[in-house]
Amino acid sequence: MNTKNKICLTHYDYERLKSMIQEYTKRNKMDANVKDLLGEMERAQKVDSKNISPNFVTMNSVIELKDLEELAFQEFRLVFPEDANTSENKISVLAPIGTAILGYKIGDVIQWKVPGGQNQFQITSIKYQPEANGDYHL
């Protein structure tokens with residue numbers, strides 16, 4: 001986990017993620033991914049949806065990432081677990097890479113544990129951020 005960069009979450013995303021984690025806790029599903037997400041959420045600066053910079057990754061953002069190990073690019077939408085679908089490039093916020101990028105901004109390099117080791121990723125662009133498009137409740 002990269003804890004050097006400042007991360008930002010909207011109050012709206014923070015509250016929805018907090019509710020999701022409370023539900024997981026009630027169902028005894030508090031695994032390492034949920035704990036990692038909770039840690040990232042707690043250290044994040046919380047901002048109003050209308051004030052978040054368009055270069056930060058928020059929920060439902062479409063992101064392009066560069067894997068610095070393989071020099072490969074991938075594009076996906078960051079979604080809640082119930083909306084995840086790898087064939088549609090919708091990655092859950094509870095997937096290691098989903099948790100890793102939430103709240104970071106374009107240009108940030110993130111080191112994160114993934115199955116099989118630790119990788120470095122760079123957020124190269126945000127193709128769509130709900131808040132930047134006036135979609136404050138996605």
# chains A, B, ... in the order shown; residues from 1 in each chain; ligands from 1

call {"tool": "residues_around", "arguments": {"residues": "stretch 118-128 of chain A", "least_positions_apart": "4", "cutoff": "8 Å", "atoms": "only C-alpha atoms", "output": "PDB file with C-alpha atoms, in the first residue's frame"}}
result
ATOM      1  CA  ASN A  55      -8.322  14.425 -11.584  1.00  0.00           C
ATOM      2  CA  PHE A  56      -9.199  12.273  -8.514  1.00  0.00           C
ATOM      3  CA  VAL A  57     -10.594   8.742  -8.781  1.00  0.00           C
ATOM      4  CA  SER A  61     -14.935   6.694 -12.438  1.00  0.00           C
ATOM      5  CA  VAL A  62     -13.520   5.201 -15.635  1.00  0.00           C
ATOM      6  CA  ILE A  63      -9.752   5.026 -15.227  1.00  0.00           C
ATOM      7  CA  GLU A  64      -6.796   4.173 -17.390  1.00  0.00           C
ATOM      8  CA  LEU A  65      -3.955   2.525 -15.486  1.00  0.00           C
ATOM      9  CA  LYS A  66      -0.452   1.692 -16.587  1.00  0.00           C
ATOM     10  CA  ASP A  67       1.140  -1.377 -15.050  1.00  0.00           C
ATOM     11  CA  LEU A  68       4.736  -0.196 -14.630  1.00  0.00           C
ATOM     12  CA  GLU A  69       6.049  -3.779 -14.485  1.00  0.00           C
ATOM     13  CA  ILE A 101      -6.684   3.527  -6.747  1.00  0.00           C
ATOM     14  CA  LYS A 105      -5.204  11.263  -8.791  1.00  0.00           C
ATOM     15  CA  ILE A 106      -3.868  11.278 -12.330  1.00  0.00           C
ATOM     16  CA  GLY A 107      -0.095  10.836 -12.304  1.00  0.00           C
ATOM     17  CA  ASP A 108       0.051   9.060  -8.935  1.00  0.00           C
ATOM     18  CA  VAL A 109       2.104   5.874  -8.795  1.00  0.00           C
ATOM     19  CA  ILE A 110       0.604   3.275  -6.493  1.00  0.00           C
ATOM     20  CA  GLN A 111       2.397   0.265  -5.051  1.00  0.00           C
ATOM     21  CA  TRP A 112      -0.061  -2.417  -4.065  1.00  0.00           C
ATOM     22  CA  LYS A 113      -0.098  -6.085  -3.196  1.00  0.00           C
ATOM     23  CA  VAL A 114      -1.805  -8.091  -5.897  1.00  0.00           C
ATOM     24  CA  ALA A 132     -16.875  16.316 -13.057  1.00  0.00           C
ATOM     25  CA  ASN A 133     -19.933  15.584 -15.203  1.00  0.00           C
TER      26      ASN A 133
END

call {"tool": "select_by_dssp", "arguments": {"residues": "stretch 50-120 of chain A", "states": "strand (DSSP E)", "output": "list in words"}}
result
Val62, Ile63, Glu64, Leu65, Lys66, Asp67, Ala72, Phe73, Gln74, Glu75, Phe76, Arg77, Leu78, Val79, Lys90, Ile91, Ser92, Val109, Ile110, Gln111, Trp112, Lys113, Val114, Gly117, Gln118, Asn119 and Gln120 of chain A

call {"tool": "write_last_selection", "arguments": {"atoms": "C-alpha atoms", "output": "PDB file, in the first residue's frame"}}
result
ATOM      1  CA  VAL A  62     -13.520   5.201 -15.635  1.00  0.00           C
ATOM      2  CA  ILE A  63      -9.752   5.026 -15.227  1.00  0.00           C
ATOM      3  CA  GLU A  64      -6.796   4.173 -17.390  1.00  0.00           C
ATOM      4  CA  LEU A  65      -3.955   2.525 -15.486  1.00  0.00           C
ATOM      5  CA  LYS A  66      -0.452   1.692 -16.587  1.00  0.00           C
ATOM      6  CA  ASP A  67       1.140  -1.377 -15.050  1.00  0.00           C
ATOM      7  CA  ALA A  72       0.597  -2.394 -20.219  1.00  0.00           C
ATOM      8  CA  PHE A  73      -2.446  -0.158 -20.041  1.00  0.00           C
ATOM      9  CA  GLN A  74      -5.858  -1.179 -18.792  1.00  0.00           C
ATOM     10  CA  GLU A  75      -9.108   0.718 -18.575  1.00  0.00           C
ATOM     11  CA  PHE A  76     -11.931  -0.011 -16.167  1.00  0.00           C
ATOM     12  CA  ARG A  77     -14.774   1.460 -14.130  1.00  0.00           C
ATOM     13  CA  LEU A  78     -14.458   1.422 -10.328  1.00  0.00           C
ATOM     14  CA  VAL A  79     -17.734   0.061  -8.907  1.00  0.00           C
ATOM     15  CA  LYS A  90     -16.133  -3.091 -14.003  1.00  0.00           C
ATOM     16  CA  ILE A  91     -13.771  -3.676 -11.076  1.00  0.00           C
ATOM     17  CA  SER A  92     -14.951  -3.829  -7.467  1.00  0.00           C
ATOM     18  CA  VAL A 109       2.104   5.874  -8.795  1.00  0.00           C
ATOM     19  CA  ILE A 110       0.604   3.275  -6.493  1.00  0.00           C
ATOM     20  CA  GLN A 111       2.397   0.265  -5.051  1.00  0.00           C
ATOM     21  CA  TRP A 112      -0.061  -2.417  -4.065  1.00  0.00           C
ATOM     22  CA  LYS A 113      -0.098  -6.085  -3.196  1.00  0.00           C
ATOM     23  CA  VAL A 114      -1.805  -8.091  -5.897  1.00  0.00           C
ATOM     24  CA  GLY A 117       3.285 -10.150  -5.461  1.00  0.00           C
ATOM     25  CA  GLN A 118       3.443  -6.390  -5.481  1.00  0.00           C
ATOM     26  CA  ASN A 119       2.975  -4.209  -8.541  1.00  0.00           C
ATOM     27  CA  GLN A 120       3.362  -0.546  -9.341  1.00  0.00           C
TER      28      GLN A 120
END

call {"tool": "residues_around", "arguments": {"residues": "stretch 36-38 of chain A", "least_positions_apart": "4", "cutoff": "10 Å", "atoms": "only C-alpha atoms", "output": "VMD selection string"}}
result
chain A and resid 1 14 17 to 18 21 31 to 32 42 to 44 93 to 96 98 to 100 102

call {"tool": "closest_residue", "arguments": {"among": "A:Ile97, A:Ala84, A:Leu9, A:Met41", "to": "A:Glu131", "atoms": "only C-alpha atoms"}}
result
A:Leu9

call {"tool": "select_by_dssp", "arguments": {"residues": "chain A", "states": "helix (DSSP H, G or I)", "output": "PyMOL selection string"}}
result
chain A and resi 11-26+32-43+49-51+81-83+86-88+96-101+131-133

call {"tool": "closest_residue", "arguments": {"among": "A:Thr58, A:Ser87, A:Gly39, A:Gln22", "to": "A:His137", "atoms": "only C-alpha atoms"}}
result
A:Thr58

call {"tool": "residues_around", "arguments": {"residues": "A:His11", "least_positions_apart": "5", "cutoff": "9 Å", "atoms": "only C-alpha atoms", "output": "list in words"}}
result
Arg16, Lys46, Val47, Asp48 and Ser49 of chain A

call {"tool": "closest_residue", "arguments": {"among": "A:Asp135, A:Gly116, A:Thr86, A:Cys8", "to": "A:Ser53", "atoms": "only C-alpha atoms"}}
result
A:Cys8

call {"tool": "atom_distance", "arguments": {"atom1": "atom CA of A:Gly134", "atom2": "atom CA of A:Asn5"}}
result
26.0 Å
